[in-house]
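Below: the structure, in structure tokens.
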Amino acid sequence: MFFVKPIFRTHQTPSSTLCLLHHTFSSSAAAVQAEKAIKDGPRNDWTRDEIKSVYDSPILDLLFHGAQVHRHAHNFREVQQCTLMSIKTGGCSEDCSYCPQSSRYDTGLKAQRLTNKDAVLQAAKKAKEAGSTRFCMGAAWRETVGRKTNFNQILDYVKEIRDMGMEVCCTLGMLEKQQAVELKKAGLTAYNHNLDTSREYYPKIITTRTYDERLKTLELVRDAGINVCSGGIIGLGEAEDDRVGLLHTLSTLPTHPESVPINALIAVKGTPLEDQKPVEIWEMIRMIGTARIIMPKAMVRLSAGRVRFSVPEQALCFLAGANSIFTGEKLLTTANNDFDADQLMFKVLGLIPKAPSFNEDQTSEAEDLKEAASSS
């Protein structure tokens, strides 16, 4: 019996070729910018081209490097649970094309007055018992000017909920400087005022409030020492460049928002956007992964539209860098995942609820940052 020793031919790849192959497969914009974010921390001088390059990176690369930044900047298993309640529903004078609460559209939604204190506090207590650490109150108003009685009631709500040991957030439309100061004194943790989309696409969605008015509200909130919560909506009919534009505006603010909600449009019958096609999970992952890399310390919230995504799909969003969700049966007026489903998801994915965070020295810190910037 003869045994023939097999001969294996090996192809000798020149080291220069190996280096080229390594460079080709490892140096996507997501990889490069994630490495810089981990090394250097947040920056506010992003260009649109830089953000677009990150956004356009291969999806698995973006997912992986978003996860790297996330694990460096945060406890990767912690997810903040927030509950959003509509305390004043419908009858809004604005023409936001996506919103069922606009008085201009026939969506079957009836306008209601400001919810009474007992009902609000009961909802906040229920949310806390279910695991939420932040309670958000939304009012369908263009602005708070001329609403002194209602505004004072809301200040009282804020104080009471803060005394329950919860973070408190409001979204009440445009603010005046003094109102922002009063909200801060009442104990408000954060103020939500979304930019919705890019500056260029914005006029196609809203005509009753300018982009600069939104930015001014964010400035007043920041100056008052309140955390900024600002993000946008995808699926409005915008181009990918508009999504990049939104992220560019947020990431080049003097200070990044502490919270960046990424919403997927829920098309509501009766609104001008009722026929928009649903957002795909890959679009959410691109937004979340990019937001995580360019704003590493922000809480990136998987917000409206989450109800359409399965637990495995949501898991990819958490992996890409999302670390905050809205829980509860409704988001203002649209459907949302219920508490029980979310608790099961947390158990399956091994997620940990994030404890509330109260920063009493935020105003002085903001002033210190301004002084440091002016002296540099």
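Identifiers in this document derive from the order of the structure tokens: chains are assigned A, B, ..., residues are numbered from 1 separately in each chain, and ligands are numbered from 1 in order of occurrence.
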
TODO: List every residue of range 100-200 of chain A that DSSP, applied to the backbone of this structure, places in alpha helix (DSSP H), and write the result as number ranges by chain.
DONE: A: 117-129, 148-163, 177-186

Interface rows for range 40-125 of chain A against range 167-181 of chain A: nearest pair, Å to one decimal, 12 Å, only C-alpha atoms, as JSON lines:
{"residue": "A:Gln80", "atom": "CA", "partner": "A:Glu167", "partner_atom": "CA", "distance": 10.7}
{"residue": "A:Gln81", "atom": "CA", "partner": "A:Glu167", "partner_atom": "CA", "distance": 10.6}
{"residue": "A:Cys82", "atom": "CA", "partner": "A:Glu167", "partner_atom": "CA", "distance": 8.9}
{"residue": "A:Thr83", "atom": "CA", "partner": "A:Cys169", "partner_atom": "CA", "distance": 9.7}
{"residue": "A:Leu84", "atom": "CA", "partner": "A:Cys169", "partner_atom": "CA", "distance": 8.8}
{"residue": "A:Met85", "atom": "CA", "partner": "A:Cys170", "partner_atom": "CA", "distance": 9.6}
{"residue": "A:Ser86", "atom": "CA", "partner": "A:Thr171", "partner_atom": "CA", "distance": 9.5}
{"residue": "A:Ile87", "atom": "CA", "partner": "A:Leu172", "partner_atom": "CA", "distance": 9.8}
{"residue": "A:Lys88", "atom": "CA", "partner": "A:Leu172", "partner_atom": "CA", "distance": 9.3}
{"residue": "A:Thr89", "atom": "CA", "partner": "A:Leu172", "partner_atom": "CA", "distance": 11.3}
{"residue": "A:Cys92", "atom": "CA", "partner": "A:Gly173", "partner_atom": "CA", "distance": 10.3}
{"residue": "A:Ser93", "atom": "CA", "partner": "A:Gly173", "partner_atom": "CA", "distance": 11.3}
{"residue": "A:Glu94", "atom": "CA", "partner": "A:Gly173", "partner_atom": "CA", "distance": 10.3}
{"residue": "A:Leu114", "atom": "CA", "partner": "A:Leu172", "partner_atom": "CA", "distance": 11.7}
{"residue": "A:Leu121", "atom": "CA", "partner": "A:Val168", "partner_atom": "CA", "distance": 11.8}
{"residue": "A:Ala124", "atom": "CA", "partner": "A:Val168", "partner_atom": "CA", "distance": 9.7}

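Between CA of Ala304 in chain A and CA of Ile325 in chain A the separation is 9.0 Å.
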
Task: Point-to-point distance from CA of Lys269 in chain A to CA of Pro100 in chain A, Å rounded to tenths - done: 8.2 Å

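Here CA of Gly66 in chain A and CA of Ile293 in chain A stand 5.7 Å from one another.
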
Would you write out, as a tab-separated table, a table of all residues in range 41-82 of chain A that have an atom no more than 6 Å from an atom of range 348-359 of chain A, listing for each the closest atom pair and the distance in Å to one decimal, considering only C-alpha atoms and ordering rows by chain and rising residue number?
residue	atom	partner	partner_atom	distance
A:Arg77	CA	A:Leu351	CA	4.9
A:Glu78	CA	A:Ile352	CA	4.7
A:Val79	CA	A:Pro353	CA	5.3
A:Gln80	CA	A:Lys354	CA	4.7

Open item on the list: Taking 5 positions as the minimum chain separation for residues in the same chain, which residues sit within 7 Å of Ile262 in chain A when counting only C-alpha atoms? Answer as a list in words.
Closed with: Gly231, Gly232, Ile233, Arg301, Leu302 and Ser303 of chain A

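Shortest atom-to-atom contact with Val54 in chain A among A:Ala127, A:Ala190, A:Val244, A:Val307: A:Val244, counting only C-alpha atoms.
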
- [ ] Please return as a count of residues only: the residues of range 138-376 of chain A that backbone DSSP assigns to strand (DSSP E or B).
- [x] 39

Open item on the list: List the spatial neighbours of His74 in chain A as a PyMOL selection string - criterion: any atom at most 12 Å away, only C-alpha atoms, same-chain residues fewer than 2 positions off excluded.
Closed with: chain A and resi 38+66-72+76-80+292+296-300+318-319+321-324+354

TODO: Determine, counting only C-alpha atoms, which protein, DNA and RNA residues have an atom within 10 Å of an atom of Thr210 in chain A; residues of the same chain fewer than 5 positions away are not included. Present the result as a PyMOL selection string.
DONE: chain A and resi 195+199+202-203+215-216

Would you export the selected residues with N, CA, C and O atoms as a PDB file, in the first residue's frame, please?
ATOM      1  N   LEU A 195     -36.184  69.035  16.068  1.00  0.00           N
ATOM      2  CA  LEU A 195     -35.980  69.786  14.827  1.00  0.00           C
ATOM      3  C   LEU A 195     -36.716  69.125  13.671  1.00  0.00           C
ATOM      4  O   LEU A 195     -36.898  69.739  12.620  1.00  0.00           O
ATOM      5  N   ARG A 199     -32.886  71.439   7.717  1.00  0.00           N
ATOM      6  CA  ARG A 199     -33.340  72.812   7.454  1.00  0.00           C
ATOM      7  C   ARG A 199     -33.935  72.919   6.050  1.00  0.00           C
ATOM      8  O   ARG A 199     -34.926  73.617   5.838  1.00  0.00           O
ATOM      9  N   TYR A 202     -37.434  71.002   5.886  1.00  0.00           N
ATOM     10  CA  TYR A 202     -38.373  71.446   6.913  1.00  0.00           C
ATOM     11  C   TYR A 202     -39.589  72.213   6.372  1.00  0.00           C
ATOM     12  O   TYR A 202     -40.725  71.924   6.775  1.00  0.00           O
ATOM     13  N   PRO A 203     -39.421  73.190   5.452  1.00  0.00           N
ATOM     14  CA  PRO A 203     -40.595  73.941   4.963  1.00  0.00           C
ATOM     15  C   PRO A 203     -41.635  73.083   4.250  1.00  0.00           C
ATOM     16  O   PRO A 203     -42.794  73.513   4.099  1.00  0.00           O
ATOM     17  N   LEU A 215     -34.548  76.383  16.881  1.00  0.00           N
ATOM     18  CA  LEU A 215     -33.187  76.489  17.418  1.00  0.00           C
ATOM     19  C   LEU A 215     -33.113  77.503  18.556  1.00  0.00           C
ATOM     20  O   LEU A 215     -32.373  77.306  19.530  1.00  0.00           O
ATOM     21  N   LYS A 216     -33.892  78.581  18.460  1.00  0.00           N
ATOM     22  CA  LYS A 216     -33.922  79.586  19.520  1.00  0.00           C
ATOM     23  C   LYS A 216     -34.476  78.988  20.810  1.00  0.00           C
ATOM     24  O   LYS A 216     -33.961  79.274  21.913  1.00  0.00           O
TER      25      LYS A 216
END
